[in-house]
Amino acid sequence: MARSGPPIRLLQNWPAKLAATPMILTALVVFIGCSLWTVVHSFTNSRLLPRLDFVGLAQYERLWSTPRWQVSIENLAIYGILALVLTLAIGFLLAVLLDQKIRFEDGFRTIILFPYALSFIVTGVVWQWILNPDFGLQHIVRSMGFSGFTFDPLNDSGLVILALLAAGIWQGAGLTTVIMLAGLRGIDEDVWKASRVDGIPALKTYLFIILPMMKPVFATCVVLISAGIIKLYDLVVALTRGGPGIASEVPAKYVYDYMFGNQNLGQGFAASTMMLAAVLAIIIPFALFRMGRKRHV
Amino acid sequence: MQKISMRRLLAGAAVTILPAGAMAADLEVTHWWTSGGEAAAVQELARIFEEQTEHGWVDGAIAGSGSTARPIMVSRIIGGDPMGATQFNHGLQAQELVEAGLMQDLTEVAEANGWRDTINPVSLLDACTFEGRVYCAPLNIHSPQWMWTSLSAFEKAGVEPATNWEELKAAAPALREAGILPLAQGMQGWQTALLLYAMISGIGGADFYNQVFAERNEDALNSDTLKNIFAEYAIARDLASGGNLSDWNMATNRIIEGTAAAQVMGDWAQGEFALAGKSAGTDYGCHIGLGGEPVIATGGDAIYFPVNDDEAVTEAQRALAQVILSEEAQVAFNAAKGSLPVRGDIDLAEVNECTKAGLETLKAGNTIPTIDLVMSSDSRGQIEDLTAEFFGSDLSAEDAHARFVEIVQSAM
């Protein structure tokens with residue numbers, strides 16, 4: 001005989017809920033739990049080992065009065081804005097070029113995407129060689145006869161950030177290109193036919209019709225690139241080690257150095273909390289944007 | 001691999017004297033001795049350890065300087081994956097780990113072997129002692145306050161080899177003329193800071209050094225002496241410009257090649273000179289305290305043994321601690337590395353004039369505490385950041401001095 005009464009909501013579809021439990025636990029404990037733990041400990045004076053000895057905002061006050069942190073933020077801002085704009089622009093341009101039904105498209109796609117398969121450490125070492133004045137670019141140009149040519153960005157505090165940028169874009173632009181290409185392929189052929197019937201030039205079609213249609217693709221790219229920018233660390237370690245001086249320091253390196261090298265967890269936690277805040281500042285508007293759109297549809 | 005297992009067989013044959021029932025274990029030893037001379041010294045220590053005991057040495061070299069290696073070591077110990085033994089510098093680097101009970105108590109080994117009577121200066125053992133218990137085995141003495149000069153570089157420039165900082169400054173224009181870099185300086189923070197510490201003790205003197213770092217005396221920090229040292233430090237930046245060096249042994253290599261005239265670096269640079277077949281007095285010169293006040297800091301390396309729940313590993317740890325302080329290991333290791341032995345009762349028959357000068361300074365008691373003993377890692381990190389920024393920018397000497405005073409005064 002079947003049992004009567006309303007079914008218990010919690011037990012509805014229980015296999016699916018059971019299967020999702022590990023993921024929910026991971027999210028709660030690892031992501032949210034550990035983040036909260038870090039934020040709480042950023043208000044303490046923990047040194048090598050974490051301890052709950054609260055000192056209020058002292059770590060944050062010290063953080064924001066430290067020149068190295070200020071340089072780090074400044075570098076991240078310069079690198080971030082330029083990397084975002086240039087990666088999007090180069091990615092879109094390459095995607096459009098690949099979209100011209102050219103021959104050997106597969107070959108070009110592989111070449112363009114290939115740097116992305118390399119880790120940042122390898123990228124850093126490769127660019128260290130390219131930019132080394134004694135056997136890299138400077139050496140090559142000089143041996144072609146331009147003996148006065150000087151190009152040594154790794155030892156010039158003003159140019160070093162551009163060296164990072166070049167390596168970063170070289171590595172990251174390929175992925176953007178491929179995502180954009182997929183976006184372009186997703187555009188209905190009829191749009192192109194219509195624009196051709198109306199006699200709109202191809203450039204204008206790209207800029208005013210295709211580009212607005214690719215908003216979601218751009219949003220994805222922006223989030224991917226931004227996340228890469230904020231966690232920028234390994235490229236700096238491999239390419240410049242923060243030098244010359246502190247000219248190419250970035251926030252993630254500050255966190256690592258203070259947490260482990262200088263045995264000051266509190267200071268490292270304060271810096272990583274600032275980074276978390278920066279990530280949330282990007283993710284939350286994006287999530288709201290996505291949710292808002294779904295509601296309208 | 002083949003070689004090691006052969007060695008182990010030989011070692012096994014030699015252990016019949018050891019008490020039966022002792023278990024053999026492989027001991028992973030982590031360290032950052034990776035330059036040529038340093039690696040040779042480690043091999044000596046591993047060889048003696050495997051010959052004298054039944055245990056095996058698993059080399060855990062971590063490339064990069066101490067600032068790269070220490071975080072890895074600390075996180076392994078804290079993270080519950082302790083190695084068998086690990087290098088740290090004498091001082092405060094491992095103090096919190098000891099306080100947290102993560103390090104093996106070696107008091108019995110120390111007492112059985114009379115460490116307190118043989119270790120000289122005894123302050124090295126004190127640095128290993130916490131609440132009356134011994135937690136590390138001192139291995140060698142290193143002093144950072146040395147200026148190394150390339151005699152051939154001065155010859156090429158046609159000037160007398162500099163024996164102190166003032167002479168180097170005077171010779172700089174002639175050196176530049178001859179295309180020689182006056183000062184080879186690695187741009188990493190710990191190296192630029194090392195130069196500053198050496199200038200403070202060499203130009204200011206031992207008492208002044210203590211007033212600045214140990215007492216943090218306000219008058220000393222704001223004195224003209226310190227301001228003057230920062231002005232000299234700015235001159236050092238000019239002498240080093242155009243070098244574009246990062247690792248210390250790359251800079252030492254410039255001295256060996258004779259393309260740079262001088263480097264301020266610890267006595268571990270001697271290991272590089274020895275490996276390149278250069279000899280003191282004829283190829284290179286050495287000047288304690290940049291040729292100024294001859295005081296050296298008696299820091300160096302000590303081996304710590306993280307607490308382990310494997311009985312065999314613990315046994316191997318005690319055996320290694322004993323080997324480290326043995327006469328044979330002290331002589332072999334320190335001869336290869338260019339450092340001084342920690343035992344006062346060892347007669348180093350064939351030492352070169354630089355090591356002799358170091359030993360004499362040590363015997364005369366002209367010593368200062370290393371920076372590790374008087375400043376926490378945190379404060380040191382801040383000073384290193386400041387000096388790295390100073391060398392990589394055009395920060396003025398006055399501003400650098402003001403920020404230095406701020407860091408020292410806020411040090412805990």
# chains A, B, ... in the order shown; residues from 1 in each chain; ligands from 1

$ residues_around --residues "stretch 87-102 of chain A" --least-positions-apart "6" --cutoff "12 Å" --atoms "only C-alpha atoms" --output "VMD selection string"
chain A and resid 79 to 81 108 to 113 165 to 187 202 to 203 205 to 207 210 to 211 214 217 to 226 228 to 229

$ closest_atom_pairs --of "chain B" --to "chain A" --cutoff "9 Å" --atoms "only C-alpha atoms" --output "Markdown table"
| residue | atom | partner | partner_atom | distance |
| --- | --- | --- | --- | --- |
| B:Gly66 | CA | A:Gly261 | CA | 8.9 |
| B:Ser67 | CA | A:Gly261 | CA | 5.8 |
| B:Thr68 | CA | A:Gly261 | CA | 7.3 |
| B:Ala69 | CA | A:Gly261 | CA | 8.7 |
| B:Arg70 | CA | A:Gly261 | CA | 6.6 |
| B:Pro71 | CA | A:Phe260 | CA | 4.7 |
| B:Ile72 | CA | A:Phe260 | CA | 8.0 |
| B:Val74 | CA | A:Phe260 | CA | 7.5 |
| B:Ser75 | CA | A:Phe260 | CA | 7.7 |
| B:Ile78 | CA | A:Leu49 | CA | 8.4 |
| B:Gln93 | CA | A:Gln263 | CA | 8.4 |
| B:Glu96 | CA | A:Leu48 | CA | 6.6 |
| B:Leu97 | CA | A:Leu48 | CA | 8.0 |
| B:Ala100 | CA | A:Leu49 | CA | 8.6 |
| B:Met187 | CA | A:Gly245 | CA | 6.6 |
| B:Gln188 | CA | A:Gly245 | CA | 7.4 |
| B:Gly189 | CA | A:Gly245 | CA | 7.6 |
| B:Gly242 | CA | A:Asn155 | CA | 9.0 |
| B:Asn244 | CA | A:Asn155 | CA | 6.3 |
| B:Ser246 | CA | A:Pro244 | CA | 8.9 |
| B:Ser376 | CA | A:Asn262 | CA | 8.2 |
| B:Ser377 | CA | A:Asn262 | CA | 4.8 |
| B:Asp378 | CA | A:Asn262 | CA | 4.5 |
| B:Ser379 | CA | A:Asn262 | CA | 7.8 |
| B:Arg380 | CA | A:Asn262 | CA | 7.5 |
| B:Gly381 | CA | A:Asn262 | CA | 5.6 |
| B:Gln382 | CA | A:Asn262 | CA | 8.5 |
| B:Asp385 | CA | A:Ile246 | CA | 7.1 |
| B:Leu386 | CA | A:Arg68 | CA | 8.2 |
| B:Thr387 | CA | A:Gly245 | CA | 7.8 |
| B:Ala388 | CA | A:Gly245 | CA | 4.3 |
| B:Glu389 | CA | A:Gly245 | CA | 4.3 |
| B:Phe390 | CA | A:Gly245 | CA | 6.8 |
| B:Phe391 | CA | A:Gly245 | CA | 5.8 |
| B:Gly392 | CA | A:Gly245 | CA | 3.8 |
| B:Ser393 | CA | A:Gly245 | CA | 6.8 |

$ select_by_dssp --residues "stretch 60-228 of chain A" --states "helix (DSSP H, G or I)" --output "PyMOL selection string"
chain A and resi 60-64+67-98+105-117+120-131+137-143+153-155+160-185+189-197+202-213+215-228

$ write_last_selection --atoms "C-alpha atoms" --output "tab-separated table (two decimals), in the first residue's frame"
chain	number	residue	atom	x	y	z
A	60	TYR	CA	45.92	47.25	6.51
A	61	GLU	CA	47.38	50.56	7.63
A	62	ARG	CA	50.87	49.17	7.24
A	63	LEU	CA	49.97	47.58	3.91
A	64	TRP	CA	48.76	50.80	2.34
A	67	PRO	CA	55.85	51.65	-1.00
A	68	ARG	CA	56.25	48.14	-2.38
A	69	TRP	CA	52.50	47.49	-2.14
A	70	GLN	CA	51.77	50.85	-3.78
A	71	VAL	CA	54.14	50.01	-6.63
A	72	SER	CA	52.51	46.58	-6.90
A	73	ILE	CA	49.02	48.05	-7.21
A	74	GLU	CA	50.21	50.62	-9.72
A	75	ASN	CA	51.90	47.92	-11.80
A	76	LEU	CA	48.81	45.74	-11.69
A	77	ALA	CA	46.65	48.66	-12.81
A	78	ILE	CA	48.93	49.47	-15.76
A	79	TYR	CA	49.38	45.84	-16.70
A	80	GLY	CA	45.68	45.11	-16.17
A	81	ILE	CA	44.25	47.88	-18.29
A	82	LEU	CA	46.75	47.44	-21.12
A	83	ALA	CA	46.57	43.64	-21.06
A	84	LEU	CA	42.77	43.66	-21.08
A	85	VAL	CA	42.43	46.14	-23.94
A	86	LEU	CA	45.26	44.76	-26.04
A	87	THR	CA	44.34	41.10	-25.55
A	88	LEU	CA	40.75	41.79	-26.54
A	89	ALA	CA	41.80	43.90	-29.53
A	90	ILE	CA	44.47	41.49	-30.76
A	91	GLY	CA	42.26	38.49	-30.07
A	92	PHE	CA	39.35	39.96	-32.03
A	93	LEU	CA	41.59	41.07	-34.89
A	94	LEU	CA	43.20	37.65	-35.21
A	95	ALA	CA	39.79	35.96	-35.00
A	96	VAL	CA	38.45	38.17	-37.78
A	97	LEU	CA	41.49	37.40	-39.93
A	98	LEU	CA	41.09	33.68	-39.31
A	105	GLU	CA	43.20	27.81	-40.91
A	106	ASP	CA	43.86	24.81	-38.67
A	107	GLY	CA	47.58	25.44	-38.88
A	108	PHE	CA	47.26	29.12	-37.98
A	109	ARG	CA	44.85	28.34	-35.18
A	110	THR	CA	47.35	25.88	-33.69
A	111	ILE	CA	50.21	28.36	-33.96
A	112	ILE	CA	48.19	31.15	-32.36
A	113	LEU	CA	46.88	28.98	-29.57
A	114	PHE	CA	50.19	27.27	-28.94
A	115	PRO	CA	51.71	29.77	-26.47
A	116	TYR	CA	48.70	29.17	-24.25
A	117	ALA	CA	49.81	25.56	-23.85
A	120	PHE	CA	53.88	31.09	-17.43
A	121	ILE	CA	57.20	29.84	-16.09
A	122	VAL	CA	58.26	28.65	-19.55
A	123	THR	CA	56.91	31.84	-21.10
A	124	GLY	CA	58.93	33.87	-18.62
A	125	VAL	CA	62.15	32.01	-19.35
A	126	VAL	CA	61.61	32.25	-23.13
A	127	TRP	CA	61.09	36.00	-22.93
A	128	GLN	CA	64.03	36.37	-20.60
A	129	TRP	CA	66.15	35.00	-23.42
A	130	ILE	CA	64.47	37.11	-26.09
A	131	LEU	CA	64.98	40.28	-24.04
A	137	LEU	CA	66.79	41.06	-29.49
A	138	GLN	CA	69.37	43.78	-28.81
A	139	HIS	CA	72.19	41.50	-29.86
A	140	ILE	CA	70.43	40.51	-33.09
A	141	VAL	CA	69.66	44.08	-34.11
A	142	ARG	CA	73.20	45.18	-33.24
A	143	SER	CA	74.73	42.38	-35.27
A	153	PRO	CA	63.63	46.46	-20.82
A	154	LEU	CA	64.45	43.87	-18.14
A	155	ASN	CA	67.00	46.20	-16.58
A	160	VAL	CA	60.06	46.42	-17.43
A	161	ILE	CA	56.28	46.44	-17.15
A	162	LEU	CA	56.07	46.48	-20.95
A	163	ALA	CA	58.26	43.39	-21.07
A	164	LEU	CA	55.80	41.66	-18.75
A	165	LEU	CA	52.96	42.86	-20.93
A	166	ALA	CA	54.53	41.54	-24.12
A	167	ALA	CA	55.07	38.12	-22.59
A	168	GLY	CA	51.60	38.07	-21.02
A	169	ILE	CA	49.82	38.99	-24.24
A	170	TRP	CA	51.92	36.58	-26.29
A	171	GLN	CA	50.77	33.83	-23.97
A	172	GLY	CA	47.14	34.83	-23.51
A	173	ALA	CA	45.97	36.29	-26.82
A	174	GLY	CA	45.63	32.84	-28.43
A	175	LEU	CA	42.87	31.71	-26.10
A	176	THR	CA	40.94	34.93	-26.65
A	177	THR	CA	41.33	34.47	-30.40
A	178	VAL	CA	39.89	30.97	-30.31
A	179	ILE	CA	36.93	31.96	-28.13
A	180	MET	CA	36.22	34.95	-30.39
A	181	LEU	CA	36.50	32.77	-33.47
A	182	ALA	CA	33.93	30.42	-32.00
A	183	GLY	CA	31.75	33.46	-31.35
A	184	LEU	CA	32.12	34.65	-34.96
A	185	ARG	CA	31.25	31.19	-36.25
A	189	GLU	CA	25.01	33.42	-42.06
A	190	ASP	CA	21.80	35.31	-42.78
A	191	VAL	CA	23.15	38.35	-40.95
A	192	TRP	CA	26.02	38.49	-43.41
A	193	LYS	CA	23.70	37.93	-46.37
A	194	ALA	CA	21.42	40.73	-45.21
A	195	SER	CA	24.29	43.16	-44.75
A	196	ARG	CA	25.61	42.26	-48.18
A	197	VAL	CA	22.20	42.89	-49.73
A	202	ALA	CA	32.60	44.29	-44.28
A	203	LEU	CA	34.48	46.52	-41.80
A	204	LYS	CA	31.30	48.34	-40.84
A	205	THR	CA	29.42	45.07	-40.53
A	206	TYR	CA	32.05	43.80	-38.09
A	207	LEU	CA	32.10	46.97	-36.01
A	208	PHE	CA	28.42	47.82	-35.82
A	209	ILE	CA	26.58	44.54	-36.31
A	210	ILE	CA	28.81	41.60	-35.39
A	211	LEU	CA	30.58	43.23	-32.44
A	212	PRO	CA	27.36	44.06	-30.54
A	213	MET	CA	26.09	40.54	-31.21
A	215	LYS	CA	28.67	40.79	-26.19
A	216	PRO	CA	28.38	37.50	-24.26
A	217	VAL	CA	31.60	36.22	-25.84
A	218	PHE	CA	33.35	39.43	-24.85
A	219	ALA	CA	32.02	39.12	-21.32
A	220	THR	CA	33.48	35.63	-21.03
A	221	CYS	CA	36.83	36.82	-22.36
A	222	VAL	CA	36.89	39.79	-19.98
A	223	VAL	CA	36.31	37.56	-16.96
A	224	LEU	CA	38.97	35.07	-18.06
A	225	ILE	CA	41.53	37.77	-18.79
A	226	SER	CA	40.77	39.68	-15.58
A	227	ALA	CA	41.21	36.60	-13.43
A	228	GLY	CA	44.56	36.00	-15.12

$ residues_around --residues "A:Met275" --least-positions-apart "4" --cutoff "12 Å" --atoms "only C-alpha atoms" --output "PDB file with N, CA and C atoms, in the first residue's frame"
ATOM      1  N   SER A  35      38.402  31.319   2.822  1.00  0.00           N
ATOM      2  CA  SER A  35      38.462  32.765   2.581  1.00  0.00           C
ATOM      3  C   SER A  35      38.116  33.523   3.850  1.00  0.00           C
ATOM      4  N   THR A  38      40.933  33.402   6.279  1.00  0.00           N
ATOM      5  CA  THR A  38      41.987  34.341   5.895  1.00  0.00           C
ATOM      6  C   THR A  38      41.610  35.769   6.275  1.00  0.00           C
ATOM      7  N   VAL A  39      40.366  36.149   5.988  1.00  0.00           N
ATOM      8  CA  VAL A  39      39.938  37.516   6.287  1.00  0.00           C
ATOM      9  C   VAL A  39      40.018  37.762   7.793  1.00  0.00           C
ATOM     10  N   TRP A  69      53.891  47.828  -1.823  1.00  0.00           N
ATOM     11  CA  TRP A  69      52.499  47.494  -2.139  1.00  0.00           C
ATOM     12  C   TRP A  69      51.931  48.526  -3.110  1.00  0.00           C
ATOM     13  N   SER A  72      53.165  47.791  -6.407  1.00  0.00           N
ATOM     14  CA  SER A  72      52.506  46.583  -6.897  1.00  0.00           C
ATOM     15  C   SER A  72      51.136  46.900  -7.485  1.00  0.00           C
ATOM     16  N   ILE A  73      50.365  47.707  -6.755  1.00  0.00           N
ATOM     17  CA  ILE A  73      49.018  48.053  -7.210  1.00  0.00           C
ATOM     18  C   ILE A  73      49.093  48.841  -8.517  1.00  0.00           C
ATOM     19  N   LEU A  76      49.935  46.593 -11.318  1.00  0.00           N
ATOM     20  CA  LEU A  76      48.812  45.741 -11.690  1.00  0.00           C
ATOM     21  C   LEU A  76      47.798  46.551 -12.483  1.00  0.00           C
ATOM     22  N   ALA A 227      40.751  37.535 -14.451  1.00  0.00           N
ATOM     23  CA  ALA A 227      41.209  36.595 -13.428  1.00  0.00           C
ATOM     24  C   ALA A 227      42.706  36.345 -13.594  1.00  0.00           C
ATOM     25  N   ILE A 229      44.851  38.380 -14.835  1.00  0.00           N
ATOM     26  CA  ILE A 229      45.611  39.578 -14.470  1.00  0.00           C
ATOM     27  C   ILE A 229      45.802  39.656 -12.959  1.00  0.00           C
ATOM     28  N   ILE A 230      44.714  39.412 -12.213  1.00  0.00           N
ATOM     29  CA  ILE A 230      44.803  39.582 -10.759  1.00  0.00           C
ATOM     30  C   ILE A 230      45.738  38.553 -10.149  1.00  0.00           C
ATOM     31  N   LYS A 231      45.750  37.346 -10.694  1.00  0.00           N
ATOM     32  CA  LYS A 231      46.615  36.331 -10.085  1.00  0.00           C
ATOM     33  C   LYS A 231      48.024  36.372 -10.674  1.00  0.00           C
ATOM     34  N   LEU A 232      48.338  37.368 -11.484  1.00  0.00           N
ATOM     35  CA  LEU A 232      49.661  37.478 -12.107  1.00  0.00           C
ATOM     36  C   LEU A 232      50.757  37.289 -11.069  1.00  0.00           C
ATOM     37  N   VAL A 250      54.243  42.689  -8.069  1.00  0.00           N
ATOM     38  CA  VAL A 250      52.785  42.610  -8.214  1.00  0.00           C
ATOM     39  C   VAL A 250      52.190  42.135  -6.888  1.00  0.00           C
ATOM     40  N   PRO A 251      50.891  42.395  -6.656  1.00  0.00           N
ATOM     41  CA  PRO A 251      50.291  42.055  -5.355  1.00  0.00           C
ATOM     42  C   PRO A 251      50.456  40.588  -4.965  1.00  0.00           C
ATOM     43  N   ALA A 252      50.276  39.650  -5.909  1.00  0.00           N
ATOM     44  CA  ALA A 252      50.353  38.235  -5.526  1.00  0.00           C
ATOM     45  C   ALA A 252      51.732  37.885  -4.989  1.00  0.00           C
ATOM     46  N   LYS A 253      52.759  38.526  -5.535  1.00  0.00           N
ATOM     47  CA  LYS A 253      54.116  38.248  -5.072  1.00  0.00           C
ATOM     48  C   LYS A 253      54.315  38.822  -3.671  1.00  0.00           C
ATOM     49  N   TYR A 254      53.707  39.959  -3.415  1.00  0.00           N
ATOM     50  CA  TYR A 254      53.766  40.556  -2.078  1.00  0.00           C
ATOM     51  C   TYR A 254      53.164  39.592  -1.063  1.00  0.00           C
ATOM     52  N   VAL A 255      52.002  39.027  -1.419  1.00  0.00           N
ATOM     53  CA  VAL A 255      51.332  38.081  -0.522  1.00  0.00           C
ATOM     54  C   VAL A 255      52.250  36.909  -0.221  1.00  0.00           C
ATOM     55  N   GLY A 268      50.515  39.246   5.028  1.00  0.00           N
ATOM     56  CA  GLY A 268      50.168  38.533   3.800  1.00  0.00           C
ATOM     57  C   GLY A 268      48.669  38.351   3.664  1.00  0.00           C
ATOM     58  N   PHE A 269      48.008  38.026   4.786  1.00  0.00           N
ATOM     59  CA  PHE A 269      46.552  37.839   4.749  1.00  0.00           C
ATOM     60  C   PHE A 269      45.850  39.143   4.404  1.00  0.00           C
ATOM     61  N   ALA A 270      46.348  40.258   4.966  1.00  0.00           N
ATOM     62  CA  ALA A 270      45.731  41.550   4.675  1.00  0.00           C
ATOM     63  C   ALA A 270      45.834  41.837   3.180  1.00  0.00           C
ATOM     64  N   ALA A 271      47.014  41.557   2.610  1.00  0.00           N
ATOM     65  CA  ALA A 271      47.198  41.802   1.185  1.00  0.00           C
ATOM     66  C   ALA A 271      46.306  40.871   0.362  1.00  0.00           C
ATOM     67  N   VAL A 279      38.840  40.806  -6.722  1.00  0.00           N
ATOM     68  CA  VAL A 279      38.200  39.777  -7.546  1.00  0.00           C
ATOM     69  C   VAL A 279      36.686  39.891  -7.430  1.00  0.00           C
ATOM     70  N   LEU A 280      36.203  40.056  -6.187  1.00  0.00           N
ATOM     71  CA  LEU A 280      34.760  40.170  -5.986  1.00  0.00           C
ATOM     72  C   LEU A 280      34.209  41.378  -6.729  1.00  0.00           C
ATOM     73  N   ALA A 281      34.993  42.451  -6.763  1.00  0.00           N
ATOM     74  CA  ALA A 281      34.540  43.665  -7.448  1.00  0.00           C
ATOM     75  C   ALA A 281      34.328  43.411  -8.932  1.00  0.00           C
ATOM     76  N   ILE A 282      35.022  42.405  -9.471  1.00  0.00           N
ATOM     77  CA  ILE A 282      34.812  42.080 -10.881  1.00  0.00           C
ATOM     78  C   ILE A 282      33.705  41.044 -11.042  1.00  0.00           C
TER      79      ILE A 282
END

$ residues_around --residues "B:Glu155" --least-positions-apart "5" --cutoff "10 Å" --atoms "only C-alpha atoms" --output "PyMOL selection string"
chain B and resi 150+160-161+175+258+261

$ write_last_selection --atoms "N, CA and C atoms" --output "short mmCIF file (atom, residue, chain, number, x, y, z; two decimals), in the first residue's frame"
data_model
loop_
_atom_site.label_atom_id
_atom_site.label_comp_id
_atom_site.auth_asym_id
_atom_site.auth_seq_id
_atom_site.Cartn_x
_atom_site.Cartn_y
_atom_site.Cartn_z
N SER B 150 89.24 42.04 -7.53
CA SER B 150 89.93 41.33 -8.59
C SER B 150 91.23 42.07 -8.89
N GLU B 160 96.51 50.99 -8.46
CA GLU B 160 96.81 50.09 -7.33
C GLU B 160 95.52 49.40 -6.90
N PRO B 161 95.59 48.12 -6.59
CA PRO B 161 94.39 47.44 -6.09
C PRO B 161 93.86 48.11 -4.83
N LEU B 175 88.82 52.78 -13.55
CA LEU B 175 88.24 51.47 -13.86
C LEU B 175 87.19 51.58 -14.96
N GLY B 258 87.65 39.15 -13.97
CA GLY B 258 88.36 40.42 -14.01
C GLY B 258 87.63 41.51 -14.78
N ALA B 261 85.65 45.05 -10.61
CA ALA B 261 86.78 45.24 -9.70
C ALA B 261 86.51 44.71 -8.30
#

$ residues_around --residues "stretch 177-180 of chain B" --least-positions-apart "5" --cutoff "9 Å" --atoms "only C-alpha atoms" --output "compact mmCIF listing (two decimals) with N, CA and C atoms, in the first residue's frame"
# COMPACT_ATOMS: atom_id res chain seq x y z
N ALA B 153 91.77 43.08 -12.55
CA ALA B 153 90.97 44.20 -13.03
C ALA B 153 91.67 45.52 -12.75
N PHE B 154 92.24 45.62 -11.53
CA PHE B 154 92.94 46.86 -11.19
C PHE B 154 94.19 47.03 -12.05
N LYS B 156 94.59 45.95 -15.07
CA LYS B 156 94.18 46.35 -16.41
C LYS B 156 93.91 47.86 -16.47
N ALA B 157 93.35 48.38 -15.38
CA ALA B 157 93.04 49.81 -15.35
C ALA B 157 94.26 50.64 -14.98
N GLY B 158 95.36 49.98 -14.61
CA GLY B 158 96.58 50.70 -14.28
C GLY B 158 96.52 51.43 -12.95
N ALA B 172 87.60 54.30 -9.13
CA ALA B 172 86.44 54.05 -9.99
C ALA B 172 86.54 54.70 -11.38
N GLY B 258 87.65 39.15 -13.97
CA GLY B 258 88.36 40.42 -14.01
C GLY B 258 87.63 41.51 -14.78
N THR B 259 86.31 41.32 -15.02
CA THR B 259 85.56 42.37 -15.70
C THR B 259 84.87 43.29 -14.72
N ALA B 260 84.97 42.97 -13.44
CA ALA B 260 84.50 43.88 -12.40
C ALA B 260 85.58 43.92 -11.33
N ALA B 261 85.65 45.05 -10.61
CA ALA B 261 86.78 45.24 -9.70
C ALA B 261 86.51 44.71 -8.30

$ residues_around --residues "B:Asp224" --least-positions-apart "3" --cutoff "12 Å" --atoms "only C-alpha atoms" --output "number ranges by chain"
B: 204, 208, 219-221, 227-231, 398, 401

$ residues_around --residues "B:Ala24" --least-positions-apart "2" --cutoff "9 Å" --atoms "only C-alpha atoms" --output "PDB file with C-alpha atoms, in the first residue's frame"
ATOM      1  CA  ALA B  22      69.790   0.192  15.143  1.00  0.00           C
ATOM      2  CA  ASP B  26      67.077   7.502   4.567  1.00  0.00           C
ATOM      3  CA  THR B  53      76.673   5.749   9.815  1.00  0.00           C
ATOM      4  CA  GLU B  54      74.410   3.141   8.292  1.00  0.00           C
ATOM      5  CA  HIS B  55      71.900   5.748   7.240  1.00  0.00           C
ATOM      6  CA  GLY B  56      71.389   7.174   3.758  1.00  0.00           C
ATOM      7  CA  ALA B 312      64.370   5.080  12.554  1.00  0.00           C
ATOM      8  CA  VAL B 313      64.361   8.611  11.167  1.00  0.00           C
ATOM      9  CA  GLU B 315      67.785   7.836  15.132  1.00  0.00           C
ATOM     10  CA  ALA B 316      69.253   8.972  11.825  1.00  0.00           C
TER      11      ALA B 316
END

$ atom_distance --atom1 "atom CA of B:Leu139" --atom2 "atom CA of B:Gly358"
16.4 Å

$ select_by_dssp --residues "stretch 78-192 of chain B" --states "strand (DSSP E)" --output "number ranges by chain"
B: 85-89, 129-130, 133-134, 136-138, 140-141, 146-150, 181-183

$ closest_residue --among "B:Val323, B:Met73, B:Ile368, B:Val405" --to "B:Arg47" --atoms "only C-alpha atoms"
B:Val323
